[in-house]
Amino acid sequence: MNYENILVSTENKIATITINRPTKLNALNKATILELHKAFKDAEEDANINVILLTGSGEKAFVAGADISEFAHFSVEEGAQLAAQGQELLFDFVENLKTPVIAAINGFALGGGLELAMACHFRVASENAKMGLPEVSLGVIPGYGGTQRLPQLIGKGKAMELIMTASMLNAQEALDWKLVNYVVPSADLILFCTDIANKILKNSPVAISKAIKSINANFKDGVNGYETEIKNFGKSFGTEDFKEGTTAFLEKRKAIFTGN
């Protein structure tokens with residue numbers, strides 16, 4: 001499919017989705033959110049894709065925020081609808097994909113950009129990356145899950161500070177605060193993420209999808225994460241991947257997983 005605001009490529013079971021609005025520092029607008037939803041949905045449904053990398057075009061920005069011009073004159077109701085639709089179509093959608101998503105943060109990840117990175121399953125940043133949620137400087141708050149996911153990742157106190165001061169973290173600070181898993185030179189970012197993806201590809205896709213669901217369960221209201229883990233652990237025993245994995249182990253050979 002041809003997109004106007006994103007690029008999608010696939011190689012060796014890894015899909016790379018690149019937000020491609022460099023003149024706007026890859027800012028998220030409604031059209032881009034819809035295209036991202038479609039691209040993630042297609043990747044999720046493609047049996048030949050087992051890992052997704054998400055990044056931004058150019059060297060300046062992953063996503064420098066939302067496109068403010070689209071909502072500057074919104075009413076209360078329109079603002080609430082904007083957040084609800086965005087969370088459903090993209091941010092919650094990405095978090096709950098069964099396919100692992102790695103955010104390759106190649107520059108500014110601000111506002112909705114950082115919220116999108118936090119919705120991914122984990123994050124790798126280039127040395128020039130800068131991250132923050134500056135919404136309060138505009139008289140609004142993060143609306144795409146930022147007030148919820150940031151405390152989960154870095155703790156309540158640090159999240160309160162970062163949101164209330166509207167400050168930016170550099171890459172090393174983001175690493176120290178555990179907002180990202182790694183910081184690497186800009187030129188090595190995609191290769192580094194691809195190396196991690198290749199490690200993931202060696203393992204059972206069906207088990208990974210159940211692990212994602214179980215980990216996420218701990219952060220959902222009214223859901224007992226331990227019960228979800230028990231249920232998904234049990235379900236694993238009924239999969240072809242479990243039979244292959246245990247047989248390969250006993251036969252002292254590498255497993256060949258099919259994702260079934």
# chains A, B, ... in the order shown; residues from 1 in each chain; ligands from 1

call {"tool": "closest_atom_pairs", "arguments": {"of": "region 55-111 of chain A", "to": "region 142-166 of chain A", "cutoff": "7 Å", "atoms": "only C-alpha atoms", "output": "tab-separated table"}}
result
residue	atom	partner	partner_atom	distance
A:Ala83	CA	A:Gly143	CA	5.3
A:Gly86	CA	A:Tyr144	CA	6.6
A:Gln87	CA	A:Tyr144	CA	5.5
A:Phe91	CA	A:Tyr144	CA	6.6
A:Gly111	CA	A:Pro142	CA	6.7

call {"tool": "write_last_selection", "arguments": {"atoms": "C-alpha atoms", "output": "CSV table (one decimal), in the first residue's frame"}}
result
chain,number,residue,atom,x,y,z
A,83,ALA,CA,-7.6,11.7,22.9
A,86,GLY,CA,-5.9,8.5,19.2
A,87,GLN,CA,-5.5,6.1,22.1
A,91,PHE,CA,-1.3,4.2,21.3
A,111,GLY,CA,4.6,15.1,23.4

call {"tool": "residues_around", "arguments": {"residues": "Lys60 (chain A)", "least_positions_apart": "5", "cutoff": "10 Å", "atoms": "only C-alpha atoms", "output": "list in words"}}
result
Pro22, Leu25, Asn26, Ile105, Asn106, Gly107, Phe108, Ala109, Asn128, Ala129 and Lys130 of chain A

call {"tool": "select_by_dssp", "arguments": {"residues": "region 21-228 of chain A", "states": "helix (DSSP H, G or I)", "output": "PyMOL selection string"}}
result
chain A and resi 22-24+30-45+68-70+76-95+112-119+135-138+146-154+156-165+171-176+186-201+205-217+225-228

call {"tool": "residues_around", "arguments": {"residues": "Leu138 (chain A)", "least_positions_apart": "3", "cutoff": "10 Å", "atoms": "only C-alpha atoms", "output": "ChimeraX atom specification"}}
result
/A:68,72,134-135,141,166

call {"tool": "write_last_selection", "arguments": {"atoms": "N, CA and C atoms", "output": "mmCIF file, in the first residue's frame"}}
result
data_model
loop_
_atom_site.group_PDB
_atom_site.id
_atom_site.type_symbol
_atom_site.label_atom_id
_atom_site.label_comp_id
_atom_site.auth_asym_id
_atom_site.auth_seq_id
_atom_site.Cartn_x
_atom_site.Cartn_y
_atom_site.Cartn_z
ATOM 1 N N ILE A 68 -0.098 20.658 16.279
ATOM 2 C CA ILE A 68 -0.921 21.556 17.097
ATOM 3 C C ILE A 68 -1.937 22.325 16.272
ATOM 4 N N ALA A 72 -5.835 23.366 17.795
ATOM 5 C CA ALA A 72 -5.680 24.603 18.577
ATOM 6 C C ALA A 72 -7.016 25.255 18.929
ATOM 7 N N PRO A 134 6.009 18.225 26.907
ATOM 8 C CA PRO A 134 5.904 19.661 27.174
ATOM 9 C C PRO A 134 4.485 20.213 27.156
ATOM 10 N N GLU A 135 3.472 19.345 27.221
ATOM 11 C CA GLU A 135 2.094 19.787 27.002
ATOM 12 C C GLU A 135 1.645 20.895 27.949
ATOM 13 N N ILE A 141 -2.620 18.844 28.915
ATOM 14 C CA ILE A 141 -1.837 17.752 29.484
ATOM 15 C C ILE A 141 -1.615 16.682 28.425
ATOM 16 N N ALA A 166 7.771 20.418 32.187
ATOM 17 C CA ALA A 166 7.813 20.412 30.715
ATOM 18 C C ALA A 166 9.247 20.337 30.197
#

call {"tool": "residues_around", "arguments": {"residues": "Thr10 (chain A)", "least_positions_apart": "2", "cutoff": "10 Å", "atoms": "only C-alpha atoms", "output": "PyMOL selection string"}}
result
chain A and resi 8+12-17+43+48-49+51-53

call {"tool": "closest_residue", "arguments": {"among": "A:Leu34, A:Lys231, A:Asp46, A:Ala64", "to": "Glu88 (chain A)", "atoms": "only C-alpha atoms"}}
result
A:Leu34

call {"tool": "atom_distance", "arguments": {"atom1": "CA of Phe237 (chain A)", "atom2": "CA of Asp42 (chain A)"}}
result
27.9 Å

call {"tool": "atom_distance", "arguments": {"atom1": "CA of Glu227 (chain A)", "atom2": "CA of Phe257 (chain A)"}}
result
26.1 Å

call {"tool": "closest_residue", "arguments": {"among": "A:Asp92, A:Glu44, A:Glu173, A:Glu35", "to": "Tyr3 (chain A)", "atoms": "only C-alpha atoms"}}
result
A:Glu35

call {"tool": "select_by_dssp", "arguments": {"residues": "region 1-233 of chain A", "states": "strand (DSSP E)", "output": "JSON, numbers by chain"}}
result
{"A": [6, 7, 8, 9, 10, 11, 14, 15, 16, 17, 18, 19, 51, 52, 53, 54, 55, 56, 61, 62, 63, 101, 102, 103, 104, 105, 108, 109, 110, 122, 123, 124, 125, 126, 130, 131, 132, 168, 169, 170, 182, 183, 184]}

call {"tool": "residues_around", "arguments": {"residues": "Ser69 (chain A)", "least_positions_apart": "2", "cutoff": "12 Å", "atoms": "only C-alpha atoms", "output": "VMD selection string"}}
result
chain A and resid 24 27 to 30 65 to 67 71 to 74

call {"tool": "residues_around", "arguments": {"residues": "Ser214 (chain A)", "least_positions_apart": "3", "cutoff": "6 Å", "atoms": "only C-alpha atoms", "output": "JSON, numbers by chain"}}
result
{"A": [211, 217, 228, 229]}

call {"tool": "closest_residue", "arguments": {"among": "A:Ile208, A:Ile33, A:Leu90, A:Ala39", "to": "Met1 (chain A)", "atoms": "only C-alpha atoms"}}
result
A:Ala39

call {"tool": "atom_distance", "arguments": {"atom1": "CA of Gly225 (chain A)", "atom2": "CA of Ser209 (chain A)"}}
result
14.9 Å

call {"tool": "residues_around", "arguments": {"residues": "Glu127 (chain A)", "least_positions_apart": "3", "cutoff": "9 Å", "atoms": "only C-alpha atoms", "output": "compact mmCIF listing (two decimals) with C-alpha atoms, in the first residue's frame"}}
result
# COMPACT_ATOMS: atom_id res chain seq x y z
CA ASN A 106 16.40 8.94 16.25
CA GLY A 107 16.04 12.50 17.57
CA LYS A 130 15.80 14.34 23.34
CA ASN A 170 18.82 14.00 26.75
CA ALA A 171 19.56 10.43 25.74
CA GLN A 172 21.84 9.67 28.68
CA VAL A 183 21.66 4.62 23.85
CA VAL A 184 23.74 4.11 20.71
CA PRO A 185 25.45 6.31 18.09
CA SER A 186 23.00 7.64 15.52

call {"tool": "closest_residue", "arguments": {"among": "A:Ile256, A:Val124, A:Ala117, A:Leu89", "to": "Ile190 (chain A)", "atoms": "only C-alpha atoms"}}
result
A:Val124
